[in-house]
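Enquirer: Mind having a look at this structure? Questions to follow.
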Amino acid sequence: MPLFLNDDQAMLADTARPFIAEQAPVGHMRGLRDAAELTGFSRDLWARFAEMGFTGMLVEEAHGGLGLGQVEAGIVLEEIGRNLTPSPFLSTSVGAVTALKGGAAALTERWLPGIVAGEVVAALAIDEGTHHRPLRTALKAERSGNGFRLTGDKRFVAHGHVADLLIVAARTAGAAGEPNGITLFAVEKDALGLTATPERLADASLASRLAFDGVQVDADAVIGEVDGGWAALSRVLAVVRTGTAAEMGGVSAAALAMTVDYLKSRKQFGVHIGSFQALQHRAAHLYAEMEVTRAAVLKAQQLLDADDPHAERATLVAKAMAGMTTTLAVQEGVQMHGGIGMTDEYDIGLYMKRGRVLAEMFGDADFHADQLARHSGY
Amino acid sequence: MPLFLNDDQAMLADTARPFIAEQAPVGHMRGLRDAAELTGFSRDLWARFAEMGFTGMLVEEAHGGLGLGQVEAGIVLEEIGRNLTPSPFLSTSVGAVTALKGGAAALTERWLPGIVAGEVVAALAIDEGTHHRPLRTALKAERSGNGFRLTGDKRFVAHGHVADLLIVAARTAGAAGEPNGITLFAVEKDALGLTATPERLADASLASRLAFDGVQVDADAVIGEVDGGWAALSRVLAVVRTGTAAEMGGVSAAALAMTVDYLKSRKQFGVHIGSFQALQHRAAHLYAEMEVTRAAVLKAQQLLDADDPHAERATLVAKAMAGMTTTLAVQEGVQMHGGIGMTDEYDIGLYMKRGRVLAEMFGDADFHADQLARHSGY
Amino acid sequence: MNAPVDAIETFRAETRAWLEANCPPEMRRPLRSEADVVWGGRRAQLSEPQRQWLDRMAARGWTTPDWPSEYGGGGLTPQQAKALRQEMAKLGCRSPLNSFGISMLGPALLTYGTEAQKQEHLPKIVRGEIRWCQGYSEPGAGSDLAGLQTSAEDAGDHFVVNGQKVWTSYADKADWIFCLVRTDKSVKQGGISFVLFDMESPGVSTKPILLISGYSPFCETFFDDVHVPKANLVGELNHGWDVAKYLLGHEREMISGMGLGGGGHKSLPEIALDAIGAEPDGRLDDPGLRARIATFEVRAMAFQAMSERFMDELKARRAHPAQPSMMKYYGTELNKARHELIMAAGGSDALAWDSEASHGGAAARGWLRTKGNSIEGGTSEVQLNIIAKRILELPGA
Amino acid sequence: MNAPVDAIETFRAETRAWLEANCPPEMRRPLRSEADVVWGGRRAQLSEPQRQWLDRMAARGWTTPDWPSEYGGGGLTPQQAKALRQEMAKLGCRSPLNSFGISMLGPALLTYGTEAQKQEHLPKIVRGEIRWCQGYSEPGAGSDLAGLQTSAEDAGDHFVVNGQKVWTSYADKADWIFCLVRTDKSVKQGGISFVLFDMESPGVSTKPILLISGYSPFCETFFDDVHVPKANLVGELNHGWDVAKYLLGHEREMISGMGLGGGGHKSLPEIALDAIGAEPDGRLDDPGLRARIATFEVRAMAFQAMSERFMDELKARRAHPAQPSMMKYYGTELNKARHELIMAAGGSDALAWDSEASHGGAAARGWLRTKGNSIEGGTSEVQLNIIAKRILELPGA
């Protein structure tokens, strides 16, 4: 398979780009922010995502979805990134759908139709400390009655306060640091003993701290095998990390485009600042990093879609590269805009904030480079 | 004490700079290299160093030296670096002299007069693996008769094959990795069972592998306390690391000067390449790194001379900065020279080679940054 | 000129004792946010310890230790001023007063001001009574001051000032402004004068600019027929550039100081260890971040030495006149790097924007604020141009 | 156009079987030094396994898998050629033949050559019989090819060539040269032609240039009244630029491939682990270097994906025409970074220059050699200029 979009994918991109640019440009996000809106995204927009088929794009056709893959999800995510569109697409339509695919029929039947219809929003409750360390999952799930009792805390859960469905990584056995003994649960909103405290982040998105105070769930809330959830969690992480990298690709691309436009229009000392060679070289270097990163992300998506054994490695590379490149893109963007880049009125600063949040989400570049090194045995 | 050279030091610099530039410019080093000379330096030049008082500049006046400090030694080393002068000055007049200062009177009387007179050359036998890890010293020194038997290997010993005196770090107790149990020895040339195998390095200098095959030394060859040599070794390392950083300052300064001259004289596309802003910014950035590094090195020298408790930290900073900055200086130097920078005929490549050897010597930037982190408790 | 070593040591000991006795304990705690910084001025609202600390230091002239005592300064020698700084750092004393009057206008007045101007303005700066702001940049001019448009027309005993400034730091909180105005439209480089006036003068208005950090430390400032007495002209008419350049050098020094961090804040390794924890052998439990922090610490400590060297060379008049550009460039880039690492160390906690636990998003807002360091006071690119041309003497394009 | 998947898999299986049967075991070991690379040519001295491997591959046209079989090439589809490369990589097969004929001249001849030129030259390139060198750069011209001075005067059925080239790769070992010459002195950008001639022609002399690596892969090359038949003109008279630019694009692709490392060499982590060892938990026992290697590996793997994407886009004619500049820039800078890390990993051992244990200083000489990657074939600075102007469309100065 060649490493560029095939005709169907290119057509999807041609649809997704104007759709999101029109329905949810940066002004859409500013509107929600300035209104101090408490959902964190627009439910109307989510319904329109459903009309477009985006919500269920990874869901098999048998369940009413489009049966597409990570490349296609990445196309939507890139546009989300480009427009800073607040959306539960990644956590719901990529993360939760992937998790549920590994679950029992009852679970998929319970949740997938709602997701496809744009009626259900899901959140991923994975991180417990300040940094993404999924192997160290410690939230306790003890057998109790017909099911389990969950006790512990999660944080940095995007959409956690409004999600109908929470995908929760918990520990049923073993110690923090061990893959065995991790179990994935599908927990319903409003479960007794569950409190979500949303917090506004720098990019104006809302992420929650979740407190599980002996939350009782049935045995059929378990996704996959008890104690054997690490494999399922790894699959979820692989797709959401790659998806985040795709979204970051959109963030960087917009930042570069905006900056190049500025360099072409702004004059100083009587000439366009874009004619200064030092800035040209930095912009060209950034372009190179972005092209290379784009290839790494597409490679990861294709390998994931092909169920290739090298997909996990490629995912680590994609998210690490995206972290480094997006950071560079937004830094260069703000600096090259000069003073106005520091003002809230211009968009470039919003890209810097979103880039920072996405760089952290599901593990930063240091984490992924470290994982790659462990993976390679050094 | 202000952080610049005082009048006496400035006067020394005014003497040392033309002296070394005239006696041993880069052509001097080329001559030795092209003749495949096997000593590794010029004994005539060493005698002239003695006439100038350089050889004994750190030796107390009571022992015939000048009683000067690390700042002054650094002045000489910077000129050595600037001219790529092959010289045993660092190992002998800085390293060995510092080691011997902590030794018994018999040792200082045995060696210092010869060093001051320019008749004795010394080498430091510390490294055992491919990387500088002095705490892991493993060369065994067992009590035997009136003294010790030394067994093991050393490598990367500059001047090791011609040195009259070897300062050897050995282990009399404890395990590799422990500071306690390290003992410093002053070993004479031609000791039975000692073999030195010199090896030409990329910069045309000669460094030796030393094999100690049960080398017998008297008890009075011990410098300082048996098992308590770590403190003495640390003092020696502090001064030679700082000295190496000073020499690297000369290497970078010459590389930058040569490159700026080239940028001013070379034309391409009809204009001086020095007028290209991208190159200007890179040269200016390099200048900034070099100024900051110069300050760090001088700070370390002053603190060492003041016996300040923060001197060790400052030394780690100086050598780490010198490693990063010199690497940048020679890389930018070669790249900005373009094709001719790749030819043996131009000097800039020789600076790249010397810079690389010095970056490695007594620990590279990674090592020193790691030490600093451990020192700071993280 | 150098005081004998034992005299300095006596001064140091006395200073330490005085600081210990007079610096309120609240003023020896790390700053938690920008709100803890004391700027002074007519409308300043100081806590009791802030007021005490400011008044006690101002009484000795130690808010401006090296200014002449005739204008209320401390009259200290460079050695003594350095000893004072060092002792304050050791005890963790906060700066009693931050002010553009101290860091920028004061040195310029000492060099270019008339005796009457010095007597009028310097003591009030020392005591924190008047807060100053700077009116240099104009819309569309950026780093290119030659395009200055704000005009001052001669009206006998006063000028009539009209125009607009931008990036005026805290103009909405300042009492007076030092300002560049065009007094001769026929030339480009010259024709600019340096004037002082009260922000309460009729015709002055300000509009805060909301920054990406969510703060508004800068304003747009508008002048509509503002009357400025000619006695408020600093330096010669049409030669305001000299004053401005002198002052810009001081601004660069001040901004470059940011690279040093410190100032009572938690160190970067402490922040990281608190957020991430350590491996059993004590190393930070994030090897990539640890390596990046260690490399940063090397640079930061080296820059600390550089700052000491620079101050020493300045005092001895040995610094290259363009060296402030190097300091400004390196210091601000370093400060940005520090805050990138603080964000990486803090992880998801550092992303918080307005929660109480995050002190109102102090980490994220501080990080975003530093992005302006390499823009304000001459961009990093302008500093590199200056180094290339004036220090390396590379040819013009 | 795409072969069905099962056809490709059949081809892949057959290819693997053939490679296993025909690639001598010696040709499946990592290259130890530049001396192990087979360049072919009249004076090539090949070991028995090298000769066998070259002849067997050449017989199938697999030294040039995607060239048309009528000129001796393999005639493979892009998919088949990719499968062949992948199978060779899996088995660790060395390249049977490296040559500027394959990587540069061949593609240009296929596009611009006459039928007679193709028939004459291509089969010899495929079989490694003629080794080619490139005569582009001239002294003082560097990246600025417009200043080309070497002249070719019209003398009826032939040109008379006079002048000097520099940076001619292996001119002292090559049999033929493809060369840019000035055929019209009245214009600057045009007036250049692309000609081929035998290095044994009277009037050709070469002088190797000693490089910092201690090797002399380049020469100064002198032409003194060299007669070149007009039949050896490639493309149109005075339009040699077109051929040269086409070919430079291919050179950039080839050089950018260096960033991938591989080619049978030990991996960077392996080199580091061998030289330094591991902590008890398996991590490289040098945390700073480990972090730098890991970051490098991220970039290198990403660039591997980029290279695949670039080849795919080239084949599909979807690549931006200036994209080779990006590939050249990134690939060569990456290769330099790789060798800096190899030196850091090797420590003092990697500094050796001529000992046997160091394979004649392979690490250090290889490191120094890579410093030329970002200079030859258009400097990194030139590539960045091209990206800025042609891809980002930033304005000229």
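We label chains A, B, ... in the order they appear in the structure tokens, count residues from 1 in each chain, and number ligands from 1 in the order shown.
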Could you give me, as a PyMOL selection string, the residues within 12 Å of stretch 230-235 of chain C, counting only C-alpha atoms and dropping anything in the same chain fewer than 3 positions from it?

Expert: chain C and resi 105-106+108-118+120-121+152-161+176-181+183+192-198+227+238-244+246

Enquirer: Taking the backbone alone, and naming residues the way the document does, which bits of stretch 174-238 of chain B are strand (DSSP E or B) by DSSP, as a PyMOL selection string?

Expert: chain B and resi 182-188+194-201+206-218+222-223+228

Enquirer: Could you turn the residues from that selection into a file that holds N, CA and C atoms, as an mmCIF file, in the first residue's frame?

Expert:
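Resulting contents of selection.cif:
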```
data_model
loop_
_atom_site.group_PDB
_atom_site.id
_atom_site.type_symbol
_atom_site.label_atom_id
_atom_site.label_comp_id
_atom_site.auth_asym_id
_atom_site.auth_seq_id
_atom_site.Cartn_x
_atom_site.Cartn_y
_atom_site.Cartn_z
ATOM 1 N N ILE B 182 39.688 3.325 46.745
ATOM 2 C CA ILE B 182 40.494 3.783 45.613
ATOM 3 C C ILE B 182 41.777 4.396 46.176
ATOM 4 N N THR B 183 42.890 4.071 45.543
ATOM 5 C CA THR B 183 44.179 4.602 45.985
ATOM 6 C C THR B 183 44.922 5.126 44.767
ATOM 7 N N LEU B 184 45.578 6.275 44.960
ATOM 8 C CA LEU B 184 46.374 6.862 43.866
ATOM 9 C C LEU B 184 47.830 6.454 44.024
ATOM 10 N N PHE B 185 48.435 6.076 42.918
ATOM 11 C CA PHE B 185 49.850 5.703 42.935
ATOM 12 C C PHE B 185 50.640 6.571 41.962
ATOM 13 N N ALA B 186 51.903 6.816 42.352
ATOM 14 C CA ALA B 186 52.853 7.446 41.442
ATOM 15 C C ALA B 186 53.772 6.337 40.935
ATOM 16 N N VAL B 187 53.606 5.936 39.698
ATOM 17 C CA VAL B 187 54.347 4.799 39.161
ATOM 18 C C VAL B 187 55.400 5.302 38.177
ATOM 19 N N GLU B 188 56.630 4.764 38.341
ATOM 20 C CA GLU B 188 57.705 5.220 37.453
ATOM 21 C C GLU B 188 57.638 4.488 36.122
ATOM 22 N N LEU B 194 54.984 -3.438 33.225
ATOM 23 C CA LEU B 194 54.135 -2.371 32.680
ATOM 24 C C LEU B 194 54.392 -2.227 31.182
ATOM 25 N N THR B 195 53.364 -2.353 30.390
ATOM 26 C CA THR B 195 53.506 -2.173 28.945
ATOM 27 C C THR B 195 52.577 -1.057 28.490
ATOM 28 N N ALA B 196 53.123 -0.163 27.691
ATOM 29 C CA ALA B 196 52.305 0.917 27.130
ATOM 30 C C ALA B 196 52.211 0.728 25.624
ATOM 31 N N THR B 197 51.011 0.711 25.098
ATOM 32 C CA THR B 197 50.816 0.586 23.651
ATOM 33 C C THR B 197 50.183 1.874 23.136
ATOM 34 N N PRO B 198 51.013 2.719 22.516
ATOM 35 C CA PRO B 198 50.455 3.979 22.036
ATOM 36 C C PRO B 198 49.604 3.769 20.795
ATOM 37 N N GLU B 199 48.638 4.616 20.637
ATOM 38 C CA GLU B 199 47.698 4.508 19.519
ATOM 39 C C GLU B 199 47.471 5.921 19.006
ATOM 40 N N ARG B 200 47.500 6.069 17.697
ATOM 41 C CA ARG B 200 47.261 7.376 17.095
ATOM 42 C C ARG B 200 45.760 7.646 17.125
ATOM 43 N N LEU B 201 45.367 8.826 17.580
ATOM 44 C CA LEU B 201 43.949 9.189 17.594
ATOM 45 C C LEU B 201 43.628 10.092 16.407
ATOM 46 N N LEU B 206 48.729 10.969 20.493
ATOM 47 C CA LEU B 206 48.971 9.570 20.841
ATOM 48 C C LEU B 206 48.431 9.315 22.239
ATOM 49 N N ALA B 207 47.613 8.292 22.378
ATOM 50 C CA ALA B 207 47.151 7.885 23.705
ATOM 51 C C ALA B 207 47.441 6.402 23.835
ATOM 52 N N SER B 208 47.690 5.975 25.042
ATOM 53 C CA SER B 208 48.147 4.596 25.231
ATOM 54 C C SER B 208 47.143 3.743 25.969
ATOM 55 N N ARG B 209 47.207 2.472 25.647
ATOM 56 C CA ARG B 209 46.638 1.450 26.510
ATOM 57 C C ARG B 209 47.773 0.972 27.404
ATOM 58 N N LEU B 210 47.527 0.869 28.683
ATOM 59 C CA LEU B 210 48.555 0.414 29.613
ATOM 60 C C LEU B 210 48.126 -0.923 30.182
ATOM 61 N N ALA B 211 49.063 -1.879 30.156
ATOM 62 C CA ALA B 211 48.790 -3.168 30.797
ATOM 63 C C ALA B 211 49.682 -3.278 32.027
ATOM 64 N N PHE B 212 49.078 -3.458 33.182
ATOM 65 C CA PHE B 212 49.809 -3.668 34.439
ATOM 66 C C PHE B 212 49.741 -5.159 34.741
ATOM 67 N N ASP B 213 50.900 -5.804 34.581
ATOM 68 C CA ASP B 213 50.905 -7.256 34.773
ATOM 69 C C ASP B 213 51.659 -7.557 36.059
ATOM 70 N N GLY B 214 51.023 -7.282 37.187
ATOM 71 C CA GLY B 214 51.673 -7.477 38.474
ATOM 72 C C GLY B 214 52.828 -6.533 38.687
ATOM 73 N N VAL B 215 52.596 -5.293 38.442
ATOM 74 C CA VAL B 215 53.653 -4.282 38.600
ATOM 75 C C VAL B 215 53.866 -4.008 40.092
ATOM 76 N N GLN B 216 55.111 -4.193 40.545
ATOM 77 C CA GLN B 216 55.418 -4.028 41.966
ATOM 78 C C GLN B 216 55.839 -2.583 42.239
ATOM 79 N N VAL B 217 55.185 -1.933 43.205
ATOM 80 C CA VAL B 217 55.597 -0.575 43.578
ATOM 81 C C VAL B 217 55.791 -0.532 45.095
ATOM 82 N N ASP B 218 56.660 0.361 45.540
ATOM 83 C CA ASP B 218 56.897 0.529 46.974
ATOM 84 C C ASP B 218 55.701 1.214 47.625
ATOM 85 N N VAL B 222 52.457 5.428 47.071
ATOM 86 C CA VAL B 222 51.065 5.815 47.332
ATOM 87 C C VAL B 222 50.992 7.331 47.527
ATOM 88 N N ILE B 223 50.060 7.952 46.819
ATOM 89 C CA ILE B 223 49.836 9.393 46.997
ATOM 90 C C ILE B 223 48.676 9.543 47.971
ATOM 91 N N GLY B 228 41.947 5.792 50.514
ATOM 92 C CA GLY B 228 41.305 7.111 50.622
ATOM 93 C C GLY B 228 41.694 8.017 49.473
#
```

Enquirer: So what do you get for atom CA of B:Gly274 versus atom CA of B:His337, distance-wise?

Expert: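 The value is 11.0 Å.
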
Enquirer: Looking at only C-alpha atoms, which of B:His132, B:Lys154, B:His375, B:Lys264 is the one that sits closest to B:Glu312?

Expert: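 Counting only C-alpha atoms, the residue closest to B:Glu312 is B:His375.
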
Enquirer: Restricting the calculation to only C-alpha atoms: of A:Asp164, A:Val94, A:Leu279, A:Glu37, which residue gets closest to chain B?

Expert: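 When distances to chain B are compared using only C-alpha atoms, the smallest one comes from A:Leu279.
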
Enquirer: Using only C-alpha atoms, I'd like every residue of chain B that has an atom within 8 Å of chain A; please write them out as an mmCIF file with N, CA, C and O atoms, in the first residue's frame.

Expert:
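And here is the file that came out, selection.cif:
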```cif
data_model
loop_
_atom_site.group_PDB
_atom_site.id
_atom_site.type_symbol
_atom_site.label_atom_id
_atom_site.label_comp_id
_atom_site.auth_asym_id
_atom_site.auth_seq_id
_atom_site.Cartn_x
_atom_site.Cartn_y
_atom_site.Cartn_z
ATOM 1 N N PHE B 276 24.704 36.711 4.569
ATOM 2 C CA PHE B 276 23.471 35.909 4.628
ATOM 3 C C PHE B 276 22.997 35.846 6.081
ATOM 4 O O PHE B 276 23.714 35.397 6.964
ATOM 5 N N GLN B 277 21.753 36.273 6.290
ATOM 6 C CA GLN B 277 21.281 36.395 7.662
ATOM 7 C C GLN B 277 21.241 35.065 8.405
ATOM 8 O O GLN B 277 21.489 35.010 9.606
ATOM 9 N N ALA B 278 20.931 34.000 7.680
ATOM 10 C CA ALA B 278 20.855 32.707 8.368
ATOM 11 C C ALA B 278 22.215 32.346 8.956
ATOM 12 O O ALA B 278 22.308 31.852 10.080
ATOM 13 N N LEU B 279 23.284 32.599 8.207
ATOM 14 C CA LEU B 279 24.619 32.312 8.728
ATOM 15 C C LEU B 279 24.979 33.290 9.842
ATOM 16 O O LEU B 279 25.610 32.917 10.826
ATOM 17 N N HIS B 281 22.975 34.653 11.984
ATOM 18 C CA HIS B 281 22.309 34.275 13.234
ATOM 19 C C HIS B 281 22.971 33.069 13.865
ATOM 20 O O HIS B 281 23.110 32.994 15.085
#
```

Enquirer: Skip A:Leu5 itself and residues of its chain fewer than 4 positions away, then list as a list in words all residues within 9 Å of it, counting only C-alpha atoms.

Expert: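 So the residues in contact are Gln9, Ala10, Val71 and Leu298 of chain A.
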
Enquirer: Take the residues from that selection and write them out as a PDB file, in the first residue's frame, keeping C-alpha atoms.

Expert:
```
ATOM      1  CA  GLN A   9      -9.332   8.633   1.639  1.00  0.00           C
ATOM      2  CA  ALA A  10      -8.539  11.704  -0.424  1.00  0.00           C
ATOM      3  CA  VAL A  71      -6.175   6.508   8.378  1.00  0.00           C
ATOM      4  CA  LEU A 298       0.422   7.857   8.303  1.00  0.00           C
TER       5      LEU A 298
END
```
